[in-house]
Each structure stands twice: as C-alpha cells, then as structure tokens.
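Trainee: As input, take target_38.csv (CSV, C-alpha atoms):
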```csv
chain,number,residue,atom,x,y,z
A,1,MET,CA,89.4,141.1,55.8
A,2,GLY,CA,91.9,139.8,58.3
A,3,HIS,CA,94.7,141.4,56.2
A,4,CYS,CA,93.0,144.8,56.4
A,5,ARG,CA,92.5,144.5,60.1
A,6,MET,CA,96.2,143.8,60.5
A,7,LYS,CA,97.0,146.9,58.4
A,8,ILE,CA,94.8,149.0,60.5
A,9,GLY,CA,96.3,147.6,63.6
A,10,LEU,CA,99.8,148.3,62.3
A,11,LEU,CA,98.8,151.9,61.3
A,12,ALA,CA,97.4,152.5,64.8
A,13,LEU,CA,100.5,151.1,66.4
A,14,PHE,CA,102.7,153.3,64.2
A,15,SER,CA,100.6,156.4,65.0
A,16,LEU,CA,100.8,155.7,68.7
A,17,LEU,CA,104.6,155.4,68.4
A,18,MET,CA,104.8,158.7,66.6
A,19,ILE,CA,102.7,160.4,69.2
A,20,SER,CA,104.7,159.0,72.1
A,21,CYS,CA,107.9,160.1,70.4
A,22,THR,CA,106.8,163.7,70.1
A,23,VAL,CA,105.7,163.8,73.8
A,24,MET,CA,108.8,162.1,75.2
A,25,GLU,CA,111.4,164.3,76.8
A,26,ASP,CA,114.9,164.2,75.4
A,27,ALA,CA,117.6,161.7,76.5
A,28,PRO,CA,119.3,162.5,79.8
A,29,LEU,CA,121.7,165.4,79.9
A,30,TYR,CA,124.2,163.7,82.2
A,31,THR,CA,125.6,160.2,82.9
A,32,TRP,CA,125.1,159.7,86.7
A,33,TYR,CA,126.0,156.1,86.9
A,34,ASP,CA,125.0,155.0,90.4
A,35,TYR,CA,125.6,158.3,92.1
A,36,GLY,CA,122.1,158.4,93.8
A,37,VAL,CA,122.6,155.0,95.4
A,38,VAL,CA,126.2,155.3,96.3
A,39,ARG,CA,125.6,158.8,97.8
A,40,ALA,CA,122.6,157.4,99.9
A,41,ARG,CA,124.7,154.5,101.1
A,42,TYR,CA,127.5,156.8,102.2
A,43,ARG,CA,125.0,159.1,104.0
A,44,LYS,CA,123.4,156.2,105.8
A,45,ASP,CA,126.6,154.3,106.6
A,46,SER,CA,129.8,156.3,106.4
A,47,THR,CA,132.4,153.5,106.3
A,48,VAL,CA,135.7,153.4,104.5
A,49,GLU,CA,134.1,151.1,102.0
A,50,SER,CA,131.2,153.4,101.2
A,51,LYS,CA,133.6,156.4,101.0
A,52,GLU,CA,135.8,154.6,98.5
A,53,ALA,CA,132.7,153.7,96.5
A,54,LEU,CA,131.7,157.3,96.4
A,55,ARG,CA,135.2,158.3,95.3
A,56,ALA,CA,135.1,155.8,92.5
A,57,GLU,CA,131.7,157.2,91.5
A,58,TYR,CA,133.0,160.7,91.3
A,59,ILE,CA,135.8,159.5,89.1
A,60,ASN,CA,133.4,157.5,86.9
A,61,ILE,CA,131.2,160.6,86.5
A,62,TRP,CA,134.2,162.9,85.8
A,63,LEU,CA,135.7,160.6,83.2
A,64,GLY,CA,132.7,158.9,81.6
A,65,GLN,CA,130.1,161.4,80.4
A,66,LYS,CA,128.4,159.6,77.5
A,67,THR,CA,125.1,161.5,77.3
A,68,ARG,CA,123.9,164.7,75.7
A,69,ARG,CA,126.1,167.4,77.2
A,70,LYS,CA,129.3,165.3,77.7
A,71,VAL,CA,130.1,167.6,80.6
A,72,VAL,CA,130.2,166.6,84.2
A,73,PRO,CA,126.9,167.4,86.0
A,74,PRO,CA,126.7,170.6,88.2
A,75,GLY,CA,128.2,170.2,91.6
A,76,ILE,CA,130.1,166.9,91.1
A,77,ALA,CA,133.6,168.4,90.6
A,78,ALA,CA,133.0,170.6,93.7
A,79,GLU,CA,131.8,167.7,95.8
A,80,TYR,CA,134.9,165.6,94.8
A,81,GLY,CA,137.1,168.6,95.6
A,82,LEU,CA,135.4,169.0,99.0
A,83,MET,CA,136.1,165.3,99.8
A,84,LEU,CA,139.8,165.6,98.8
A,85,TYR,CA,140.2,168.8,100.7
A,86,LYS,CA,138.7,167.4,103.9
A,87,GLU,CA,141.0,164.3,103.6
A,88,GLY,CA,144.0,166.7,103.7
A,89,ASN,CA,144.7,166.7,99.9
A,90,THR,CA,144.1,170.4,99.8
A,91,GLN,CA,145.9,171.2,96.5
A,92,ASP,CA,143.8,168.6,94.5
A,93,GLY,CA,140.8,169.6,96.5
A,94,LEU,CA,141.1,173.2,95.5
A,95,SER,CA,141.9,172.3,91.9
A,96,TYR,CA,138.5,170.4,91.6
A,97,LEU,CA,136.6,173.2,93.3
A,98,ARG,CA,138.1,175.7,90.8
A,99,LYS,CA,137.2,173.3,88.0
A,100,GLU,CA,133.6,173.6,89.1
A,101,MET,CA,133.8,177.4,88.7
A,102,GLU,CA,135.4,177.0,85.2
A,103,LEU,CA,132.8,174.6,84.0
A,104,TYR,CA,129.9,176.5,85.6
A,105,PRO,CA,130.8,180.2,86.1
A,106,GLU,CA,127.5,180.8,87.8
A,107,SER,CA,128.7,178.7,90.7
A,108,LYS,CA,131.5,181.1,91.5
A,109,ALA,CA,129.9,183.0,94.4
A,110,CYS,CA,128.9,179.8,96.2
A,111,VAL,CA,132.0,177.8,95.5
A,112,SER,CA,134.2,180.8,96.5
A,113,LYS,CA,132.3,181.0,99.8
A,114,ILE,CA,132.9,177.3,100.4
A,115,ILE,CA,136.6,177.7,99.7
A,116,ASN,CA,136.8,180.6,102.1
A,117,GLN,CA,135.1,178.6,104.8
A,118,LEU,CA,137.4,175.7,104.3
A,119,GLN,CA,140.5,177.9,104.4
A,120,GLU,CA,139.3,179.6,107.6
A,121,LYS,CA,139.1,176.3,109.5
B,1,MET,CA,87.5,149.1,54.0
B,2,LYS,CA,88.9,152.3,52.5
B,3,ARG,CA,86.1,154.1,54.3
B,4,ASN,CA,87.2,152.5,57.6
B,5,ILE,CA,90.8,153.6,57.1
B,6,SER,CA,89.8,157.1,56.2
B,7,LEU,CA,87.6,157.3,59.3
B,8,PHE,CA,90.5,156.0,61.4
B,9,VAL,CA,93.0,158.6,60.0
B,10,LEU,CA,90.4,161.3,60.5
B,11,CYS,CA,90.0,160.3,64.2
B,12,LEU,CA,93.8,160.4,64.6
B,13,VAL,CA,94.0,163.9,63.1
B,14,ILE,CA,91.1,165.1,65.4
B,15,ILE,CA,92.8,163.7,68.5
B,16,GLY,CA,96.1,165.2,67.4
B,17,LEU,CA,94.7,168.6,66.8
B,18,SER,CA,92.6,168.7,70.0
B,19,SER,CA,95.6,167.8,72.1
B,20,CYS,CA,97.8,170.5,70.4
B,21,SER,CA,95.2,173.2,71.1
B,22,GLY,CA,95.3,172.7,74.9
B,23,LYS,CA,94.8,175.7,77.0
B,24,TYR,CA,97.5,174.7,79.5
B,25,VAL,CA,100.9,174.9,78.0
B,26,ARG,CA,104.2,175.7,79.8
B,27,GLY,CA,104.2,179.2,78.3
B,28,ASN,CA,101.0,180.3,80.0
B,29,SER,CA,101.2,178.1,83.0
B,30,PHE,CA,104.7,179.1,84.0
B,31,GLY,CA,105.2,182.3,82.2
B,32,LEU,CA,107.4,183.8,85.0
B,33,MET,CA,110.0,181.1,84.3
B,34,TYR,CA,110.4,182.5,80.8
B,35,GLU,CA,110.4,186.0,82.1
B,36,GLU,CA,113.0,185.6,84.9
B,37,LYS,CA,115.1,182.8,83.2
B,38,PRO,CA,116.6,181.3,86.4
B,39,VAL,CA,119.9,179.5,86.0
B,40,THR,CA,121.2,178.7,89.5
B,41,VAL,CA,118.8,177.0,91.9
B,42,LEU,CA,119.5,176.4,95.6
B,43,LEU,CA,117.6,173.4,96.9
B,44,PHE,CA,116.6,173.6,100.6
B,45,PRO,CA,116.3,170.4,102.5
B,46,PRO,CA,112.7,169.1,102.1
B,47,ILE,CA,110.4,169.8,105.0
B,48,ASN,CA,109.3,166.3,106.2
B,49,GLN,CA,105.8,166.4,107.7
B,50,THR,CA,105.5,162.7,107.6
B,51,GLU,CA,106.5,160.1,110.2
B,52,VAL,CA,108.9,158.4,107.8
B,53,PRO,CA,112.4,159.2,109.0
B,54,GLY,CA,115.0,160.2,106.4
B,55,VAL,CA,112.8,160.5,103.4
B,56,GLU,CA,113.7,164.2,103.2
B,57,HIS,CA,117.4,163.3,102.5
B,58,ASP,CA,116.5,160.9,99.7
B,59,LEU,CA,114.2,163.5,98.2
B,60,TRP,CA,116.8,166.2,98.5
B,61,GLU,CA,119.2,164.2,96.4
B,62,ALA,CA,116.5,163.1,94.0
B,63,PHE,CA,115.4,166.7,93.4
B,64,TYR,CA,119.0,167.8,92.9
B,65,MET,CA,119.5,165.3,90.1
B,66,ALA,CA,116.1,166.0,88.6
B,67,MET,CA,116.8,169.8,88.5
B,68,CYS,CA,120.2,169.2,86.8
B,69,GLU,CA,118.5,167.0,84.2
B,70,LYS,CA,116.0,169.8,83.6
B,71,GLY,CA,119.0,171.9,82.5
B,72,TYR,CA,119.5,174.1,85.6
B,73,TYR,CA,122.6,174.6,87.8
B,74,ALA,CA,121.4,173.0,91.0
B,75,PHE,CA,123.5,173.0,94.1
B,76,SER,CA,123.9,169.4,95.4
B,77,PRO,CA,122.8,168.6,99.0
B,78,ALA,CA,126.5,168.0,100.0
B,79,LEU,CA,127.5,171.4,98.8
B,80,CYS,CA,124.4,173.0,100.4
B,81,CYS,CA,125.3,171.4,103.8
B,82,GLU,CA,128.8,172.8,103.5
B,83,LEU,CA,127.6,176.2,102.4
B,84,PHE,CA,125.1,176.4,105.3
B,85,SER,CA,127.4,174.9,107.9
B,86,LYS,CA,128.4,178.4,109.1
B,87,ASP,CA,125.2,180.2,108.6
B,88,SER,CA,122.1,178.5,110.1
B,89,LEU,CA,119.9,181.3,108.8
B,90,TYR,CA,120.2,179.9,105.3
B,91,TYR,CA,119.4,176.4,106.4
B,92,ASN,CA,116.0,177.2,107.8
B,93,ALA,CA,113.7,176.1,105.0
B,94,ASP,CA,110.6,176.7,107.2
B,95,SER,CA,111.3,180.4,107.8
B,96,LEU,CA,112.4,181.0,104.2
B,97,TYR,CA,109.5,179.1,102.6
B,98,GLU,CA,107.5,182.4,102.4
B,99,GLY,CA,110.2,184.7,103.6
B,100,ASP,CA,112.7,187.1,102.0
B,101,LEU,CA,115.2,185.4,99.7
B,102,SER,CA,117.0,188.5,98.5
B,103,ARG,CA,120.0,187.7,100.6
B,104,LEU,CA,120.5,184.5,98.7
B,105,HIS,CA,120.6,186.5,95.5
B,106,ALA,CA,122.8,189.3,96.9
B,107,GLU,CA,125.4,187.1,98.6
B,108,LEU,CA,125.4,183.8,96.6
B,109,GLU,CA,124.1,185.0,93.2
B,110,VAL,CA,121.3,182.4,93.4
B,111,ASP,CA,118.4,183.0,91.0
B,112,ALA,CA,115.8,180.7,92.6
B,113,ALA,CA,115.2,178.5,95.6
B,114,LEU,CA,113.4,175.2,95.5
B,115,PHE,CA,111.3,174.3,98.5
B,116,VAL,CA,109.6,170.9,99.0
B,117,LYS,CA,107.1,169.9,101.7
B,118,VAL,CA,106.4,166.2,102.0
B,119,LYS,CA,102.9,165.8,103.5
B,120,SER,CA,102.5,162.1,103.3
B,121,PHE,CA,104.6,159.1,102.2
B,122,ARG,CA,103.2,155.6,101.7
B,123,LEU,CA,105.4,152.9,100.2
B,124,ASP,CA,103.9,149.6,99.0
B,125,LYS,CA,105.1,146.7,96.9
B,126,THR,CA,105.2,148.5,93.5
B,127,GLY,CA,106.0,152.1,94.4
B,128,ALA,CA,105.1,155.0,96.6
B,129,ASN,CA,102.4,157.6,97.0
B,130,ILE,CA,103.9,160.9,98.0
B,131,ASP,CA,101.9,164.0,98.8
B,132,PHE,CA,104.0,167.0,97.8
B,133,GLU,CA,104.0,170.7,98.0
B,134,CYS,CA,106.8,172.0,95.9
B,135,ARG,CA,107.6,175.6,94.8
B,136,LEU,CA,110.4,177.2,93.0
B,137,ARG,CA,110.6,180.9,94.2
B,138,SER,CA,112.7,183.6,92.6
B,139,ALA,CA,115.4,184.9,94.8
B,140,LYS,CA,115.3,188.2,93.0
B,141,SER,CA,111.6,189.0,93.1
B,142,GLY,CA,110.2,186.4,95.6
B,143,ARG,CA,107.6,185.4,93.1
B,144,ILE,CA,106.6,181.7,92.7
B,145,LEU,CA,108.0,180.6,89.3
B,146,TYR,CA,106.8,177.0,89.5
B,147,SER,CA,104.6,175.1,91.9
B,148,TYR,CA,103.2,171.6,92.3
B,149,ASP,CA,100.8,170.6,95.0
B,150,LYS,CA,99.3,167.2,94.7
B,151,GLU,CA,99.9,163.5,95.4
B,152,VAL,CA,102.2,161.7,93.1
B,153,ARG,CA,102.2,158.0,92.5
B,154,ALA,CA,105.6,156.7,91.5
B,155,PHE,CA,106.6,153.2,90.7
B,156,ALA,CA,109.6,151.7,92.3
B,157,ALA,CA,111.1,151.0,88.9
B,158,THR,CA,110.2,151.4,85.3
B,159,PHE,CA,110.9,148.3,83.3
B,160,SER,CA,112.3,148.2,79.8
B,161,GLY,CA,113.2,145.0,78.1
B,162,GLY,CA,113.3,143.2,81.5
B,163,ARG,CA,115.8,145.7,83.1
B,164,ALA,CA,114.9,148.2,85.7
B,165,PHE,CA,115.7,151.8,84.9
B,166,ALA,CA,115.7,155.1,86.7
B,167,PHE,CA,116.9,158.3,84.9
B,168,GLY,CA,117.4,156.0,81.9
B,169,VAL,CA,120.2,154.2,83.8
B,170,PRO,CA,120.2,150.5,84.6
B,171,MET,CA,119.5,150.0,88.3
B,172,GLU,CA,121.0,146.6,89.0
B,173,PHE,CA,123.2,148.2,91.5
B,174,PHE,CA,120.2,149.0,93.7
B,175,LEU,CA,119.5,145.4,94.1
B,176,GLN,CA,123.1,144.5,94.9
B,177,GLN,CA,123.9,147.2,97.4
B,178,LEU,CA,120.8,148.0,99.3
B,179,ASP,CA,118.0,146.0,100.9
B,180,ALA,CA,114.8,145.8,98.9
B,181,ALA,CA,112.8,148.3,101.0
B,182,THR,CA,115.5,150.9,100.8
B,183,SER,CA,116.1,150.5,97.1
B,184,ASP,CA,112.4,150.6,96.4
B,185,LYS,CA,112.1,153.8,98.4
B,186,LEU,CA,115.1,155.4,96.6
B,187,ILE,CA,113.9,154.5,93.1
B,188,ALA,CA,110.4,155.7,94.0
B,189,VAL,CA,111.5,159.1,95.3
B,190,HIS,CA,113.7,159.6,92.2
B,191,ASN,CA,110.8,158.9,90.0
B,192,CYS,CA,108.6,161.2,92.1
B,193,ALA,CA,111.0,164.1,91.7
B,194,VAL,CA,111.0,163.6,88.0
B,195,GLN,CA,107.2,163.6,87.9
B,196,VAL,CA,106.9,166.7,90.1
B,197,LEU,CA,109.2,168.6,87.8
B,198,VAL,CA,107.9,167.2,84.5
B,199,ASP,CA,106.0,170.4,83.5
B,200,MET,CA,108.8,172.8,84.4
B,201,PRO,CA,110.3,174.6,81.4
B,202,VAL,CA,113.8,173.5,80.7
B,203,GLY,CA,116.9,175.4,81.8
B,204,LYS,CA,119.8,176.8,79.8
B,205,TYR,CA,121.9,173.6,79.8
B,206,SER,CA,119.1,171.8,77.9
B,207,LYS,CA,120.2,173.8,74.9
B,208,LYS,CA,118.1,172.0,72.3
B,209,ARG,CA,114.8,173.0,74.0
B,210,TYR,CA,115.8,176.1,76.0
B,211,GLY,CA,113.2,178.8,75.4
B,212,LYS,CA,111.5,176.7,72.8
B,213,ASP,CA,109.2,174.7,75.0
B,214,ARG,CA,106.5,177.3,75.6
B,215,ASN,CA,103.9,175.3,73.7
B,216,VAL,CA,104.5,172.0,75.4
B,217,ILE,CA,101.3,170.8,77.0
B,218,VAL,CA,101.2,170.7,80.8
B,219,SER,CA,100.6,167.2,81.8
B,220,SER,CA,98.6,167.9,84.9
B,221,PRO,CA,96.4,170.9,84.0
B,222,LYS,CA,93.9,170.1,86.8
B,223,HIS,CA,96.0,171.6,89.5
B,224,GLU,CA,95.9,175.4,89.6
B,225,VAL,CA,99.2,177.1,89.1
B,226,GLU,CA,99.9,179.9,91.4
B,227,LEU,CA,101.9,182.5,89.6
B,228,ARG,CA,102.3,185.3,92.1
B,229,LEU,CA,102.7,185.6,95.8
```
Can I see the file as structure tokens?

Mentor:
Amino acid sequence: MGHCRMKIGLLALFSLLMISCTVMEDAPLYTWYDYGVVRARYRKDSTVESKEALRAEYINIWLGQKTRRKVVPPGIAAEYGLMLYKEGNTQDGLSYLRKEMELYPESKACVSKIINQLQEK
Amino acid sequence: MKRNISLFVLCLVIIGLSSCSGKYVRGNSFGLMYEEKPVTVLLFPPINQTEVPGVEHDLWEAFYMAMCEKGYYAFSPALCCELFSKDSLYYNADSLYEGDLSRLHAELEVDAALFVKVKSFRLDKTGANIDFECRLRSAKSGRILYSYDKEVRAFAATFSGGRAFAFGVPMEFFLQQLDAATSDKLIAVHNCAVQVLVDMPVGKYSKKRYGKDRNVIVSSPKHEVELRL
C-alpha cells in the first residue's frame, strides 16, 4: 500500500515537473552580468570607481556572452561607445557606436542621430 | 490500486486539456502585436506618481533589460537620455502618453513606444507591491499593442539552491555593493518588470518562439486588454 502511494506521489511529482517545463519561458537571451546593479550604482554615485566598474561591465558583456543569442544585448555597444567618446577617445567611441549599427541595423536612425549630436558639440 | 492510478491520470489529462483550451491566449489578447510586428521600442522614462524618489530610474533600466530579454530592440535609458538631450519634446512622456507618436517613427524609425506609470510603490521585507499602468503604443498607428494595468507583487529575490537570482543571474553582487534596502528595491523592480511583460508576445530576436507563441495562455486573463485607442 505504502509502495503504491509512493509511486503515485512520484508520478504526480513528475507530471507537475513536466507541466512546469512546458509553461516556463526559455533561458535568457543575453548575459547581463551585474549591469543593472553597476549602472544603478553609477547613476546614484558617479565616482571614478563606479565609472570604472561600469566600464569593466561593458567589457564583460561585450566579451562574455554565454546565453542563447551569444550576441551583445541591444544598446550596450552604443553605451560603451558613448562613454569612450565623452572621455575624449572619439575614434574608439565612434567605432563602438558603429558596431551597434552593424549588430542591430534597426538602430541606425537613432545611433546616427546620437553621432551627429556628439559631433556638433 | 490500478483504479486509483487511472483516476489520477484521468484527472491530470482533464486539467491539462482544460488549461490548453483557455480563451485568453496571446494571439487573441494581443493580436495587434502579431499584426504590426514591432522590432524597435523606445522606452520613455516612467511617470512616477508615488512619493518614492528615484524609483522611475530603477524601473526604466529594469524595463529596458526585460524588453531586450523579450526579443525586442529596446533603447537603453542612457541612449534615450543622450537622444533626448537636444529635443525636450521627445522627453515628455506625459504629453506623448496619449499623443501623436508619428514623429518618432518618421525621424527615428521607432516602431513602438513603451510608457509606464507607477501609481504606488510599497517595499517590505520580502519584496514590493507596485501598482502599474503600462502600455506599448505603436509609433506607426498610435494603437495600443500591449497593456497592463494592475498591482504587481514581486519578491526581492527568487531563491534557487540557496542562491539569489534575478534574470537567471546570481545576485551576490547586490549584497556586496549596495545597502540592503537599495538592493531589495532594485531586485524587486526588475522582477516586477519581468512580471508586467510576461504575457507580451516575443520579439524577433527570440528566434525560437517568434511568431509561434500565439497559443500561449495569458497568465493574467482577469485584466481587460485594451486593443485600440
């Protein structure tokens, strides 16, 4: 009797597992590392340290995509390019901004507008 | 005993079939998403109607990441700020909430704009209750493609095997870098953004499911989905 109950219990557990698997969304598309936290920290306290942490995060994201798409998330290359450009590293900055347009052609109008605005300054 | 097992299996089949035949699926709840197929989404800074300062910035970044994870090209808040820096007209989420978005499409080739209103925000020990009004509007037609208007309960962290996760990523860094209240708030708003967008059909970068999720059951069918302006 106890054996049968255990079997039923296991069957129920297995069924629940199968149901939950079908409902679950897929794995993340991108590897964000600690972008959300580092970005928030930089926004709340723009120190040299928090800026360097954000730079390290951009590089991590750029080099270390391990999830489904294996492509850097939308906006990250442009954000890094923007940071470099504003620091005076205009060539590398523009290069990353252009990489954003290569990776995501639909960003062309917006990123081009940002480049124009930067060059007008 | 065989009878009991048969009964149990029958119950499972009935439950399974009844859940699959739900009236509210993404295809009929958010049909305009499949019709217009937006790719690029501009996120306006959330309109903060609460007395909690700064929550709109946390939400803005949370929604950006959540939209990207849904498979859309979402413009990050940092890029939006730069983009809007010379044109304050774009930046005014209040006036564009129900206003004309055609300029966004004509000048920036944006397909849709995401607006979020935060009506209330209460943080406690385990998470947050956030009352949202969220709508994704087409920049081409002005129609509402997706909307969500209700209170969300989000936990500060989801635990798996003793480790805290958000977006499926270990969150130890939260505990090291930010004070407890700030990290709780940040994790909670990220989880809220994911919940608000959970029923949204996936975008083109979610290749495996793009255009194939019409029959996915909407998880919160009680709220009425407004399909047109």

Trainee: Taking only C-alpha atoms into account, what are the residues of chain A at most 6 Å from chain B, put as a ChimeraX atom specification?

Mentor: /A:29,74-75,109-110,114

Trainee: Quick check, in Å to one decimal: how far apart do CA of Ser29 in chain B and CA of Asn129 in chain B lie?

Mentor: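 Distance reported for this atom pair: 24.9 Å.
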
Trainee: Name the residues in contact with range 50-56 of chain A at a cut-off of 8 Å, using only C-alpha atoms, excluding same-chain residues fewer than 2 positions from it; report them as a PDB file with C-alpha atoms, in the frame of the given file.

Mentor:
```pdb
ATOM      1  CA  TYR A  35     125.600 158.300  92.100  1.00  0.00           C
ATOM      2  CA  VAL A  38     126.200 155.300  96.300  1.00  0.00           C
ATOM      3  CA  ARG A  39     125.600 158.800  97.800  1.00  0.00           C
ATOM      4  CA  ARG A  41     124.700 154.500 101.100  1.00  0.00           C
ATOM      5  CA  TYR A  42     127.500 156.800 102.200  1.00  0.00           C
ATOM      6  CA  ASP A  45     126.600 154.300 106.600  1.00  0.00           C
ATOM      7  CA  SER A  46     129.800 156.300 106.400  1.00  0.00           C
ATOM      8  CA  THR A  47     132.400 153.500 106.300  1.00  0.00           C
ATOM      9  CA  VAL A  48     135.700 153.400 104.500  1.00  0.00           C
ATOM     10  CA  TYR A  58     133.000 160.700  91.300  1.00  0.00           C
ATOM     11  CA  ILE A  59     135.800 159.500  89.100  1.00  0.00           C
ATOM     12  CA  ASN A  60     133.400 157.500  86.900  1.00  0.00           C
ATOM     13  CA  TYR A  80     134.900 165.600  94.800  1.00  0.00           C
TER      14      TYR A  80
END
```

Trainee: CA of Gly64 in chain A to CA of Ala40 in chain A: how many Å, to one decimal?

Mentor: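 These two atoms are separated by 21.0 Å.
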
Trainee: Of the residues B:Asp100, B:Phe63, B:Asn92, B:Ala139, which is the one nearest to Lys37 in chain B, using all atoms listed in the file?

Mentor: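 Result for the nearest residue to Lys37 in chain B: B:Ala139.
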
Trainee: Calculated over only C-alpha atoms, which of the candidates A:Leu103, A:Ala27, A:Ile115, A:Val72 has the smallest distance to Glu57 in chain A?

Mentor: A:Val72

Trainee: Mind checking which residues fall within 12 Å of Gln119 in chain A, counting all atoms listed in the file, ignoring those fewer than 5 positions away in the same chain, and posting them as a short mmCIF file (atom, residue, chain, number, x, y, z; two decimals) with C-alpha atoms, in the frame of the given file?

Mentor:
```
data_model
loop_
_atom_site.label_atom_id
_atom_site.label_comp_id
_atom_site.auth_asym_id
_atom_site.auth_seq_id
_atom_site.Cartn_x
_atom_site.Cartn_y
_atom_site.Cartn_z
CA LEU A 82 135.40 169.00 99.00
CA TYR A 85 140.20 168.80 100.70
CA LYS A 86 138.70 167.40 103.90
CA GLY A 88 144.00 166.70 103.70
CA THR A 90 144.10 170.40 99.80
CA GLN A 91 145.90 171.20 96.50
CA GLY A 93 140.80 169.60 96.50
CA LEU A 94 141.10 173.20 95.50
CA SER A 112 134.20 180.80 96.50
CA LYS A 113 132.30 181.00 99.80
CA ILE A 114 132.90 177.30 100.40
#
```

Trainee: What's the 12 Å shell around Ala154 in chain B, counting all atoms listed in the file, without same-chain residues fewer than 4 positions away, as a PyMOL selection string?

Mentor: chain B and resi 121-131+158+166+184-196

Trainee: In Å to one decimal, how far is CA of Trp32 in chain A from CA of Trp60 in chain B?

Mentor: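 Straight-line distance from CA of Trp60 in chain B to CA of Trp32 in chain A works out to 15.8 Å.
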
Trainee: Up to 12 Å from (105.1, 170.6, 92.1) in the file's coordinates: name the residues, counting only C-alpha atoms, as a PyMOL selection string.

Mentor: chain B and resi 30+63+114-118+130-137+144-152+192-200+218-221+223-226

Trainee: Could all heavy atoms be built for range 57-64 of chain B and written out as a PDB file, keeping the file's coordinate frame?

Mentor:
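Written output follows (result38.pdb):
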```pdb
ATOM      1  N   HIS B  57     116.031 163.358 103.072  1.00  0.00           N
ATOM      2  CA  HIS B  57     117.400 163.300 102.500  1.00  0.00           C
ATOM      3  C   HIS B  57     117.374 162.648 101.121  1.00  0.00           C
ATOM      4  O   HIS B  57     118.047 163.095 100.197  1.00  0.00           O
ATOM      5  CB  HIS B  57     118.334 162.543 103.438  1.00  0.00           C
ATOM      6  CG  HIS B  57     118.526 163.241 104.742  1.00  0.00           C
ATOM      7  ND1 HIS B  57     119.210 164.425 104.854  1.00  0.00           N
ATOM      8  CD2 HIS B  57     118.100 162.931 105.994  1.00  0.00           C
ATOM      9  CE1 HIS B  57     119.204 164.823 106.114  1.00  0.00           C
ATOM     10  NE2 HIS B  57     118.539 163.937 106.825  1.00  0.00           N
ATOM     11  N   ASP B  58     116.598 161.559 101.005  1.00  0.00           N
ATOM     12  CA  ASP B  58     116.500 160.900  99.700  1.00  0.00           C
ATOM     13  C   ASP B  58     115.881 161.830  98.674  1.00  0.00           C
ATOM     14  O   ASP B  58     116.321 161.887  97.527  1.00  0.00           O
ATOM     15  CB  ASP B  58     115.636 159.620  99.819  1.00  0.00           C
ATOM     16  CG  ASP B  58     116.291 158.576 100.713  1.00  0.00           C
ATOM     17  OD1 ASP B  58     117.536 158.555 100.769  1.00  0.00           O
ATOM     18  OD2 ASP B  58     115.567 157.803 101.357  1.00  0.00           O
ATOM     19  N   LEU B  59     114.861 162.562  99.111  1.00  0.00           N
ATOM     20  CA  LEU B  59     114.200 163.500  98.200  1.00  0.00           C
ATOM     21  C   LEU B  59     115.108 164.648  97.794  1.00  0.00           C
ATOM     22  O   LEU B  59     115.079 165.116  96.660  1.00  0.00           O
ATOM     23  CB  LEU B  59     112.920 164.048  98.835  1.00  0.00           C
ATOM     24  CG  LEU B  59     111.708 163.142  98.707  1.00  0.00           C
ATOM     25  CD1 LEU B  59     110.609 163.591  99.659  1.00  0.00           C
ATOM     26  CD2 LEU B  59     111.180 163.147  97.278  1.00  0.00           C
ATOM     27  N   TRP B  60     115.895 165.096  98.741  1.00  0.00           N
ATOM     28  CA  TRP B  60     116.800 166.200  98.500  1.00  0.00           C
ATOM     29  C   TRP B  60     117.740 165.869  97.318  1.00  0.00           C
ATOM     30  O   TRP B  60     117.906 166.628  96.358  1.00  0.00           O
ATOM     31  CB  TRP B  60     117.594 166.537  99.747  1.00  0.00           C
ATOM     32  CG  TRP B  60     118.202 167.906  99.827  1.00  0.00           C
ATOM     33  CD1 TRP B  60     118.045 168.929  98.934  1.00  0.00           C
ATOM     34  CD2 TRP B  60     119.046 168.397 100.867  1.00  0.00           C
ATOM     35  NE1 TRP B  60     118.749 170.025  99.370  1.00  0.00           N
ATOM     36  CE2 TRP B  60     119.373 169.729 100.544  1.00  0.00           C
ATOM     37  CE3 TRP B  60     119.548 167.844 102.033  1.00  0.00           C
ATOM     38  CZ2 TRP B  60     120.200 170.514 101.345  1.00  0.00           C
ATOM     39  CZ3 TRP B  60     120.362 168.627 102.844  1.00  0.00           C
ATOM     40  CH2 TRP B  60     120.690 169.939 102.502  1.00  0.00           C
ATOM     41  N   GLU B  61     118.340 164.687  97.419  1.00  0.00           N
ATOM     42  CA  GLU B  61     119.200 164.200  96.400  1.00  0.00           C
ATOM     43  C   GLU B  61     118.497 163.973  95.045  1.00  0.00           C
ATOM     44  O   GLU B  61     118.991 164.279  93.952  1.00  0.00           O
ATOM     45  CB  GLU B  61     120.028 163.014  96.804  1.00  0.00           C
ATOM     46  CG  GLU B  61     121.258 163.415  97.606  1.00  0.00           C
ATOM     47  CD  GLU B  61     121.793 162.350  98.533  1.00  0.00           C
ATOM     48  OE1 GLU B  61     121.402 161.179  98.397  1.00  0.00           O
ATOM     49  OE2 GLU B  61     122.606 162.702  99.408  1.00  0.00           O
ATOM     50  N   ALA B  62     117.304 163.423  95.174  1.00  0.00           N
ATOM     51  CA  ALA B  62     116.500 163.100  94.000  1.00  0.00           C
ATOM     52  C   ALA B  62     116.157 164.430  93.227  1.00  0.00           C
ATOM     53  O   ALA B  62     116.253 164.508  92.008  1.00  0.00           O
ATOM     54  CB  ALA B  62     115.237 162.388  94.358  1.00  0.00           C
ATOM     55  N   PHE B  63     115.770 165.460  93.985  1.00  0.00           N
ATOM     56  CA  PHE B  63     115.400 166.700  93.400  1.00  0.00           C
ATOM     57  C   PHE B  63     116.643 167.419  92.759  1.00  0.00           C
ATOM     58  O   PHE B  63     116.541 168.081  91.725  1.00  0.00           O
ATOM     59  CB  PHE B  63     114.696 167.663  94.341  1.00  0.00           C
ATOM     60  CG  PHE B  63     113.220 167.448  94.364  1.00  0.00           C
ATOM     61  CD1 PHE B  63     112.635 166.629  95.316  1.00  0.00           C
ATOM     62  CD2 PHE B  63     112.397 168.029  93.410  1.00  0.00           C
ATOM     63  CE1 PHE B  63     111.263 166.399  95.323  1.00  0.00           C
ATOM     64  CE2 PHE B  63     111.030 167.808  93.406  1.00  0.00           C
ATOM     65  CZ  PHE B  63     110.465 166.989  94.365  1.00  0.00           C
ATOM     66  N   TYR B  64     117.782 167.253  93.407  1.00  0.00           N
ATOM     67  CA  TYR B  64     119.000 167.800  92.900  1.00  0.00           C
ATOM     68  C   TYR B  64     119.304 167.241  91.473  1.00  0.00           C
ATOM     69  O   TYR B  64     119.525 167.970  90.491  1.00  0.00           O
ATOM     70  CB  TYR B  64     120.185 167.578  93.828  1.00  0.00           C
ATOM     71  CG  TYR B  64     121.545 167.498  93.182  1.00  0.00           C
ATOM     72  CD1 TYR B  64     122.103 168.603  92.532  1.00  0.00           C
ATOM     73  CD2 TYR B  64     122.289 166.315  93.210  1.00  0.00           C
ATOM     74  CE1 TYR B  64     123.345 168.524  91.923  1.00  0.00           C
ATOM     75  CE2 TYR B  64     123.526 166.231  92.613  1.00  0.00           C
ATOM     76  CZ  TYR B  64     124.050 167.327  91.964  1.00  0.00           C
ATOM     77  OH  TYR B  64     125.287 167.251  91.353  1.00  0.00           O
TER      78      TYR B  64
END
```
